[in-house]
>>> print(open('structure20.cif').read())   # mmCIF, C-alpha atoms
data_run
#
loop_
_atom_site.label_atom_id
_atom_site.label_comp_id
_atom_site.auth_asym_id
_atom_site.auth_seq_id
_atom_site.Cartn_x
_atom_site.Cartn_y
_atom_site.Cartn_z
CA MET A 1 6.05 2.25 42.24
CA HIS A 2 8.81 4.79 41.59
CA ASP A 3 6.64 7.84 41.52
CA ASP A 4 6.51 8.10 45.32
CA ASP A 5 10.23 7.47 45.82
CA PHE A 6 11.23 10.88 44.48
CA PRO A 7 8.22 13.19 44.75
CA GLU A 8 10.34 16.18 43.79
CA LEU A 9 10.99 14.62 40.40
CA GLU A 10 7.45 14.69 39.05
CA PRO A 11 7.03 18.50 38.83
CA ARG A 12 10.46 18.80 37.22
CA LEU A 13 9.65 16.11 34.68
CA ALA A 14 6.30 17.77 34.02
CA GLN A 15 8.15 20.99 33.24
CA LEU A 16 10.34 19.15 30.78
CA ARG A 17 7.28 17.51 29.19
CA ASN A 18 5.58 20.88 28.77
CA ALA A 19 8.68 22.52 27.38
CA LEU A 20 9.10 19.72 24.85
CA ALA A 21 5.44 19.46 23.89
CA GLN A 22 5.76 21.86 20.97
CA VAL A 23 9.24 20.79 19.87
CA ASP A 24 9.14 19.18 16.45
CA ALA A 25 11.69 18.05 13.91
CA PRO A 26 12.93 20.89 11.65
CA ARG A 27 10.75 21.57 8.60
CA CYS A 28 13.61 20.75 6.26
CA VAL A 29 13.40 17.09 7.34
CA GLU A 30 9.85 16.78 6.03
CA LYS A 31 10.79 18.59 2.83
CA GLU A 32 13.69 16.25 2.16
CA LEU A 33 11.62 13.18 2.99
CA MET A 34 8.81 14.25 0.64
CA GLN A 35 11.33 14.79 -2.15
CA ALA A 36 12.80 11.35 -1.48
CA PHE A 37 9.30 9.88 -1.45
CA ALA A 38 8.49 11.47 -4.82
CA SER A 39 11.64 10.12 -6.49
CA GLN A 40 11.22 6.73 -4.80
CA SER A 41 7.61 6.48 -6.00
CA ALA A 42 8.55 7.42 -9.55
CA ARG A 43 11.22 4.71 -9.56
CA ALA A 44 9.18 2.04 -7.86
CA ARG A 45 5.94 2.39 -9.83
CA PRO A 46 5.87 0.42 -13.07
CA TRP A 47 4.49 2.21 -16.13
CA TYR A 48 1.02 0.67 -15.84
CA ARG A 49 0.61 2.04 -12.31
CA ARG A 50 1.50 5.55 -13.40
CA LEU A 51 -1.54 5.67 -15.72
CA GLY A 52 -4.63 7.33 -14.34
CA LEU A 53 -8.24 6.25 -14.84
CA LEU A 54 -8.61 8.47 -17.89
CA GLU A 55 -5.51 7.10 -19.57
CA TRP A 56 -6.61 3.54 -18.80
CA SER A 57 -10.08 4.19 -20.27
CA ALA A 58 -8.56 5.61 -23.44
CA ALA A 59 -6.19 2.66 -23.72
CA VAL A 60 -9.02 0.12 -23.28
CA ALA A 61 -11.15 1.95 -25.86
CA CYS A 62 -8.26 1.89 -28.34
CA VAL A 63 -7.75 -1.83 -27.80
CA LEU A 64 -11.46 -2.53 -28.30
CA VAL A 65 -11.54 -0.54 -31.55
CA CYS A 66 -8.44 -2.34 -32.82
CA VAL A 67 -9.92 -5.74 -31.97
CA ALA A 68 -13.17 -4.82 -33.75
CA VAL A 69 -11.33 -3.65 -36.87
CA VAL A 70 -9.13 -6.75 -36.98
CA GLY A 71 -12.17 -8.97 -36.41
CA LEU A 72 -14.12 -7.39 -39.26
CA LEU A 73 -11.17 -7.61 -41.61
CA SER A 74 -10.61 -11.27 -40.84
CA LEU A 75 -14.23 -12.33 -41.49
CA PRO A 76 -14.93 -14.39 -44.65
CA PRO A 77 -16.13 -12.10 -47.47
CA ARG A 78 -19.64 -13.55 -47.52
CA LEU A 79 -20.12 -12.90 -43.81
CA ALA A 80 -18.62 -9.48 -44.11
CA ASP A 81 -21.22 -8.63 -46.75
CA GLY A 82 -23.92 -8.89 -44.18
CA PHE A 83 -24.94 -12.54 -44.52
CA ASP A 84 -26.84 -11.81 -47.73
CA ASP A 85 -25.79 -15.13 -49.24
CA SER A 86 -27.13 -17.24 -46.40
CA PRO A 87 -29.86 -19.70 -47.42
CA LEU A 88 -33.16 -17.92 -47.95
CA VAL A 89 -35.97 -19.72 -46.18
CA ARG A 90 -39.60 -18.76 -46.62
CA ILE A 91 -42.40 -20.69 -44.97
CA ASP A 92 -45.97 -20.18 -46.16
CA SER A 93 -49.21 -22.18 -45.89
CA GLY A 94 -47.65 -25.45 -44.92
CA GLY A 95 -44.86 -25.30 -47.48
CA ALA A 96 -41.34 -23.92 -47.49
CA PHE A 97 -38.98 -22.55 -50.12
CA ILE A 98 -35.29 -22.80 -49.36
CA ALA A 99 -32.83 -21.09 -51.69
CA LEU A 100 -29.57 -23.05 -51.66
CA ASP A 101 -27.81 -20.51 -53.88
CA SER A 102 -28.16 -16.79 -54.42
CA VAL A 103 -31.34 -15.50 -56.01
CA GLU A 104 -29.32 -13.98 -58.87
CA ARG A 105 -27.69 -17.33 -59.58
CA ILE A 106 -31.04 -19.11 -59.58
CA GLU A 107 -32.57 -16.50 -61.87
CA ALA A 108 -29.57 -16.65 -64.20
CA GLU A 109 -29.76 -20.42 -64.58
CA PRO A 110 -30.73 -20.98 -68.23
CA ALA A 111 -32.18 -24.49 -67.91
CA PRO A 112 -33.26 -25.37 -64.41
CA ARG A 113 -34.85 -28.75 -63.78
CA LEU A 114 -37.23 -29.83 -61.08
CA VAL A 115 -36.55 -33.12 -59.30
CA GLU A 116 -39.06 -34.60 -56.88
CA THR A 117 -37.86 -36.50 -53.81
CA GLU A 118 -38.54 -37.15 -50.13
CA VAL A 119 -36.22 -35.78 -47.40
CA PRO A 120 -36.09 -36.93 -43.74
CA ARG A 121 -37.43 -34.13 -41.58
CA THR A 122 -34.40 -34.34 -39.26
CA MET A 123 -32.16 -33.24 -42.14
CA LEU A 124 -34.21 -30.08 -42.53
CA ALA A 125 -33.69 -28.93 -38.97
CA ALA A 126 -30.33 -27.47 -39.95
CA LEU A 127 -32.13 -25.35 -42.55
CA GLY A 128 -34.39 -23.82 -39.89
CA LEU A 129 -37.52 -25.93 -40.34
CA PRO A 130 -39.46 -26.95 -37.24
CA VAL A 131 -38.83 -30.52 -36.01
CA THR A 132 -40.55 -32.01 -32.98
CA PRO A 133 -40.03 -35.40 -31.31
CA GLU A 134 -43.39 -36.53 -32.78
CA ASN A 135 -42.57 -35.78 -36.41
CA ALA A 136 -38.80 -36.31 -36.31
CA GLY A 137 -39.09 -39.66 -38.13
CA ASP A 138 -41.35 -38.37 -40.94
CA ALA A 139 -40.25 -37.69 -44.45
CA VAL A 140 -41.11 -34.46 -46.17
CA ARG A 141 -41.99 -34.28 -49.83
CA ALA A 142 -39.51 -32.04 -51.61
CA GLU A 143 -39.03 -30.56 -55.07
CA MET A 144 -35.43 -29.65 -55.80
CA LEU A 145 -34.46 -27.13 -58.42
CA VAL A 146 -31.20 -28.15 -60.02
CA GLY A 147 -29.05 -26.41 -62.58
CA ALA A 148 -28.05 -27.71 -65.96
CA ALA A 149 -24.90 -29.19 -64.48
CA GLY A 150 -26.89 -30.88 -61.71
CA GLU A 151 -25.98 -28.50 -58.87
CA PRO A 152 -28.79 -27.87 -56.33
CA LEU A 153 -30.23 -24.36 -56.57
CA ALA A 154 -33.31 -24.42 -54.36
CA LEU A 155 -35.60 -26.71 -52.46
CA ARG A 156 -39.36 -26.55 -52.17
CA LEU A 157 -41.00 -28.55 -49.44
CA THR A 158 -44.64 -29.32 -49.29
CA SER A 159 -46.72 -30.38 -46.30
CA ILE A 160 -44.04 -29.64 -43.72
CA ASP A 161 -46.75 -29.40 -41.09
CA MET B 20 -10.34 8.67 0.16
CA THR B 21 -9.54 11.57 2.53
CA ILE B 22 -7.12 11.31 5.42
CA THR B 23 -8.45 12.18 8.86
CA PRO B 24 -6.82 12.11 12.30
CA THR B 25 -8.61 8.82 12.88
CA THR B 26 -7.18 7.14 9.79
CA SER B 27 -5.15 4.24 11.14
CA ASP B 28 -1.41 3.89 10.72
CA ASP B 29 -1.97 0.61 8.89
CA GLU B 30 -4.22 2.31 6.35
CA LEU B 31 -1.73 5.15 5.90
CA LEU B 32 1.09 2.64 5.45
CA ARG B 33 -0.93 0.72 2.87
CA ARG B 34 -1.59 3.91 0.96
CA MET B 35 2.01 5.03 1.33
CA ARG B 36 3.11 1.78 -0.31
CA SER B 37 0.74 2.60 -3.16
CA ALA B 38 2.72 5.80 -3.70
CA ASP B 39 0.24 8.07 -1.91
CA ALA B 40 2.37 11.06 -0.89
CA GLN B 41 -0.38 12.50 1.32
CA ALA B 42 -0.50 9.30 3.34
CA PHE B 43 3.23 9.41 3.89
CA ALA B 44 3.06 13.09 4.89
CA ALA B 45 0.26 12.29 7.36
CA LEU B 46 2.27 9.42 8.85
CA TYR B 47 5.30 11.64 9.18
CA ARG B 48 3.40 14.50 10.82
CA ARG B 49 1.75 12.10 13.22
CA HIS B 50 4.98 10.49 14.44
CA GLN B 51 7.84 12.89 13.84
CA GLY B 52 7.30 14.88 17.05
CA PRO B 53 7.60 12.02 19.55
CA VAL B 54 10.49 10.42 17.66
CA TYR B 55 12.33 13.73 17.41
CA ARG B 56 11.77 14.54 21.10
CA PHE B 57 12.95 11.08 22.10
CA ALA B 58 16.08 11.45 19.98
CA LEU B 59 16.69 14.98 21.23
CA LEU B 60 16.57 13.95 24.88
CA ARG B 61 18.45 10.75 24.19
CA CYS B 62 21.39 12.25 22.29
CA GLY B 63 21.20 15.90 23.34
CA SER B 64 21.72 17.31 19.87
CA GLY B 65 19.04 18.80 17.64
CA ASP B 66 21.02 18.06 14.48
CA THR B 67 21.57 14.42 15.39
CA ALA B 68 17.93 14.07 16.41
CA ALA B 69 16.84 15.50 13.03
CA ASP B 70 19.17 13.05 11.25
CA VAL B 71 17.71 10.19 13.26
CA VAL B 72 14.14 11.18 12.37
CA GLN B 73 15.05 11.52 8.71
CA GLU B 74 16.82 8.17 8.60
CA ALA B 75 14.01 6.37 10.42
CA PHE B 76 11.34 7.64 8.02
CA MET B 77 13.61 7.12 5.05
CA GLY B 78 13.92 3.47 6.06
CA LEU B 79 10.15 3.25 6.27
CA LEU B 80 9.52 4.72 2.84
CA THR B 81 12.21 2.73 1.05
CA GLY B 82 11.06 -0.50 2.69
CA ARG B 83 14.52 -1.03 4.20
CA LEU B 84 12.84 -1.16 7.59
CA ALA B 85 10.18 -3.82 7.63
CA PHE B 86 7.42 -2.83 10.02
CA ASP B 87 5.17 -5.67 11.13
CA PRO B 88 1.88 -4.38 12.64
CA LEU B 89 1.43 -7.72 14.39
CA ARG B 90 4.49 -7.06 16.52
CA GLY B 91 3.46 -3.68 17.90
CA SER B 92 2.49 -0.14 17.05
CA LEU B 93 4.25 1.97 14.47
CA SER B 94 5.20 4.59 17.07
CA ASN B 95 6.99 2.00 19.21
CA PHE B 96 8.65 0.60 16.11
CA LEU B 97 9.94 4.09 15.28
CA PHE B 98 11.18 4.57 18.84
CA GLY B 99 13.10 1.30 18.51
CA VAL B 100 14.56 2.35 15.18
CA ALA B 101 15.53 5.76 16.56
CA ARG B 102 17.20 4.14 19.54
CA LEU B 103 19.24 1.83 17.31
CA LEU B 104 20.24 4.72 15.07
CA ILE B 105 21.40 6.71 18.08
CA LEU B 106 23.39 3.71 19.35
CA LYS B 107 24.96 3.41 15.91
CA HIS B 108 25.73 7.10 15.97
CA GLU B 109 27.36 6.78 19.41
CA GLU B 110 29.27 3.64 18.49
CA PRO B 111 32.60 5.30 17.58
CA ARG B 112 32.66 7.14 20.91
CA ARG B 113 31.65 4.04 22.86
CA ARG B 114 34.44 2.07 21.20
CA GLU B 115 36.96 4.61 22.42
CA SER B 116 35.64 4.88 25.97
CA PRO B 117 36.09 2.08 28.55
CA LEU B 118 33.22 -0.34 29.04
CA PRO B 119 30.91 0.40 31.97
CA ASP B 120 31.45 -1.94 34.88
CA SER B 121 27.78 -2.68 35.35
CA ASP B 122 24.30 -1.28 35.33
CA GLU B 123 25.31 0.67 38.42
CA ASP B 124 27.11 3.31 36.35
CA GLU B 125 24.48 5.94 36.68
CA LEU B 126 26.22 8.94 35.21
CA GLU B 127 28.46 9.32 32.23
CA PRO B 128 30.63 12.25 31.23
CA ALA B 129 28.97 14.80 28.99
CA LEU B 130 29.29 13.90 25.33
CA GLU B 131 31.26 16.43 23.38
CA GLU B 132 29.79 15.38 20.08
CA ALA B 133 26.22 15.31 21.28
CA CYS B 134 26.61 18.61 23.16
CA PRO B 135 24.16 17.88 25.98
CA LEU B 136 25.14 21.16 27.57
CA THR B 137 24.14 23.17 24.55
CA ARG B 138 20.93 24.94 25.33
CA VAL B 139 17.97 23.22 23.70
CA LEU B 140 14.98 24.50 25.66
CA ALA B 141 14.05 28.06 26.50
CA ASN B 142 12.58 27.16 29.88
CA GLU B 143 15.48 27.28 32.35
CA SER B 144 14.06 24.72 34.77
CA ALA B 145 13.15 22.29 32.00
CA GLU B 146 16.57 22.76 30.46
CA GLU B 147 18.12 21.87 33.81
CA VAL B 148 16.21 18.59 33.89
CA ARG B 149 17.17 17.88 30.30
CA ARG B 150 20.84 18.41 31.08
CA ALA B 151 20.63 16.18 34.14
CA LEU B 152 18.92 13.54 32.03
CA ALA B 153 21.60 13.86 29.37
CA ARG B 154 24.25 12.95 31.95
CA LEU B 155 22.60 9.67 32.85
CA ALA B 156 23.95 6.45 31.40
CA PRO B 157 22.22 5.74 28.03
CA HIS B 158 20.32 2.66 29.22
CA TYR B 159 18.77 4.68 32.06
CA ARG B 160 18.00 7.53 29.70
CA ASP B 161 16.16 5.21 27.29
CA ALA B 162 13.90 3.86 30.00
CA LEU B 163 13.30 7.22 31.69
CA ILE B 164 12.52 9.12 28.50
CA LEU B 165 10.15 6.47 27.18
CA TYR B 166 8.40 6.08 30.53
CA GLU B 167 8.29 9.63 31.82
CA MET B 168 8.09 11.64 28.61
CA HIS B 169 6.13 9.31 26.33
CA GLY B 170 4.08 7.37 28.85
CA LEU B 171 5.01 3.95 27.53
CA SER B 172 4.39 0.83 29.58
CA TYR B 173 7.14 -1.41 30.96
CA LEU B 174 6.29 -4.00 28.35
CA GLU B 175 6.55 -1.51 25.49
CA ILE B 176 9.88 -0.21 26.81
CA ALA B 177 11.12 -3.77 27.20
CA THR B 178 10.24 -4.48 23.55
CA ILE B 179 11.83 -1.27 22.27
CA CYS B 180 15.04 -1.73 24.28
CA ALA B 181 15.12 -5.51 23.71
CA VAL B 182 15.39 -6.30 27.43
CA ASP B 183 13.05 -8.01 29.87
CA ILE B 184 10.52 -6.21 32.02
CA GLY B 185 12.54 -6.72 35.20
CA THR B 186 15.46 -4.91 33.64
CA VAL B 187 13.19 -2.05 32.61
CA ARG B 188 11.87 -1.81 36.17
CA SER B 189 15.34 -1.72 37.72
CA ARG B 190 16.67 0.75 35.12
CA LEU B 191 13.76 3.05 35.79
CA ALA B 192 14.29 2.90 39.55
CA ARG B 193 18.02 3.58 39.23
CA GLY B 194 17.52 6.17 36.55
CA ARG B 195 15.04 8.10 38.66
CA ALA B 196 17.34 7.92 41.66
CA ALA B 197 20.26 9.16 39.59
CA LEU B 198 18.21 11.94 38.07
CA ALA B 199 16.92 13.06 41.48
CA LYS B 200 20.46 13.01 42.82
CA ALA B 201 21.79 15.03 39.90
CA LEU B 202 19.06 17.63 40.31
CA ARG B 203 19.68 17.87 44.06
CA LEU B 204 23.41 18.39 43.46
CA HIS B 205 22.66 21.03 40.90
CA ALA B 206 20.36 22.82 43.34
CA LEU B 207 23.06 22.73 46.00
CA ASP B 208 25.63 24.11 43.55
CA ALA B 209 23.27 26.88 42.62
CA THR B 210 22.79 27.93 46.22
#
>>> encode(input="structure20.cif", output="structure tokens")
Amino acid sequence: MHDDDFPELEPRLAQLRNALAQVDAPRCVEKELMQAFASQSARARPWYRRLGLLEWSAAVACVLVCVAVVGLLSLPPRLADGFDDSPLVRIDSGGAFIALDSVERIEAEPAPRLVETEVPRTMLAALGLPVTPENAGDAVRAEMLVGAAGEPLALRLTSID
Amino acid sequence: MTITPTTSDDELLRRMRSADAQAFAALYRRHQGPVYRFALLRCGSGDTAADVVQEAFMGLLTGRLAFDPLRGSLSNFLFGVARLLILKHEEPRRRESPLPDSDEDELEPALEEACPLTRVLANESAEEVRRALARLAPHYRDALILYEMHGLSYLEIATICAVDIGTVRSRLARGRAALAKALRLHALDAT
């Protein structure tokens, strides 16, 4: 539209464009802006954003170690000992022996007694014995070793199959 | 991630907001030239133009200036900011001088503060055009600089100057006429 109205303008404007093409803002402007950016970033970034990947990894590792230590310290003593006092179950040739107390305690019992009884198979599932829908209603013949004071020490099951 | 000339302004802005200094430097280097040249032609002073560039980018990095990519390009946003900063800079002088009667006021007296007659360009002929441009009324200068020097469309100029396209068209026509007249007069004076 306008370009043809003043044809003498275009070459003059082109000269101005060419002369300005390499004109940039003074270098000091960039320098000052970068300094302002650095101080602005330091102010604006919260502490957790200033940490790098390495620092974050170290922090996470420290937290995991702390959690593990606290967890181990808070375990009950018997679990912390490596589960050695958990019931000992041995299954052999259709029978099973279940220690309800520690082996040392059973061996130290001066006058153990043997009591014969029958136990529903479903009750034995919690002790790790196999229970299927077919035999869930059966009773298993059991011999219980009891201490002098009547406390159960061990259980022997026969014909669990 | 490395920064290349094809990295978008949006990406650079996103990284700048994540405190990436390289992204900010890349944004600055990409846009400082046009903004500085616009300000230099618009106000006629290298110092003021440098202040305008610094203030515009400072506003961007502090978040004081909220750029919305949905409303246009970053370069046009910066032109708009620079224009407002220049108007703010000229405000004391405008308050003291009488109001223009209308859009017809094509030429204005040379600004003492802005020093449009101080030599800015080495090329004599280009400097002549710059001086003639500096004597145009500011609203003509805005339109002419953005259209002729930066190749912006009418719509972009209308958005930057917050006027409608018809106004841009008429300002460009009058601005070109005034500039041609000023250059002709200068040529006659020289002969």
>>> resolve_selection(input="structure20.cif", expression="the PyMOL selection byres ((chain A) within 8 of (chain B))", output="CSV table (one decimal) with C-alpha atoms, in the coordinates of the input")
chain,number,residue,atom,x,y,z
A,2,HIS,CA,8.8,4.8,41.6
A,6,PHE,CA,11.2,10.9,44.5
A,8,GLU,CA,10.3,16.2,43.8
A,9,LEU,CA,11.0,14.6,40.4
A,12,ARG,CA,10.5,18.8,37.2
A,13,LEU,CA,9.6,16.1,34.7
A,15,GLN,CA,8.2,21.0,33.2
A,16,LEU,CA,10.3,19.2,30.8
A,17,ARG,CA,7.3,17.5,29.2
A,19,ALA,CA,8.7,22.5,27.4
A,20,LEU,CA,9.1,19.7,24.8
A,23,VAL,CA,9.2,20.8,19.9
A,24,ASP,CA,9.1,19.2,16.4
A,25,ALA,CA,11.7,18.0,13.9
A,26,PRO,CA,12.9,20.9,11.6
A,29,VAL,CA,13.4,17.1,7.3
A,30,GLU,CA,9.8,16.8,6.0
A,33,LEU,CA,11.6,13.2,3.0
A,34,MET,CA,8.8,14.2,0.6
A,36,ALA,CA,12.8,11.4,-1.5
A,37,PHE,CA,9.3,9.9,-1.4
A,38,ALA,CA,8.5,11.5,-4.8
A,40,GLN,CA,11.2,6.7,-4.8
A,41,SER,CA,7.6,6.5,-6.0
A,45,ARG,CA,5.9,2.4,-9.8
>>> resolve_selection(input="structure20.cif", expression="the PyMOL selection byres ((chain A and resi 156) around 9)", output="list in words")
Gly95, Ala96, Phe97, Ile98, Ala99, Arg141, Ala142, Glu143, Met144, Leu145, Ala154, Leu155, Leu157 and Thr158 of chain A
>>> atom_distance(input="structure20.cif", atom1="CA of Leu165 in chain B", atom2="CA of Phe98 in chain B")
8.6 Å
>>> residues_around(input="structure20.cif", residues="range 173-181 of chain B", least_positions_apart="5", cutoff="10 Å", atoms="only C-alpha atoms", output="list in words")
Arg90, Gly91, Ser92, Asn95, Phe96, Leu97, Phe98, Gly99, Val100, Ala101, Arg102, Leu103, His158, Asp161, Ala162, Leu163, Ile164, Leu165, Tyr166, Thr186, Val187, Arg188 and Leu191 of chain B
>>> resolve_selection(input="structure20.cif", expression="the PyMOL selection byres ((chain B and resi 153) around 8)", output="NGL selection string")
:B and (60-63 or 129 or 135 or 149-152 or 154-155 or 160)
>>> atom_distance(input="structure20.cif", atom1="CA of Gly185 in chain B", atom2="CA of Leu89 in chain B")
23.6 Å
>>> closest_residue(input="structure20.cif", among="A:Thr117, A:Glu109, A:Ser39, A:Val131", to="Ala149 in chain A", atoms="all atoms listed in the file")
A:Glu109
>>> closest_residue(input="structure20.cif", among="B:Gly170, B:Ser94, B:Thr67, B:Ala75", to="Asp29 in chain B", atoms="all atoms listed in the file")
B:Ser94
>>> atom_distance(input="structure20.cif", atom1="CA of Gly194 in chain B", atom2="CA of Asp5 in chain A")
11.9 Å
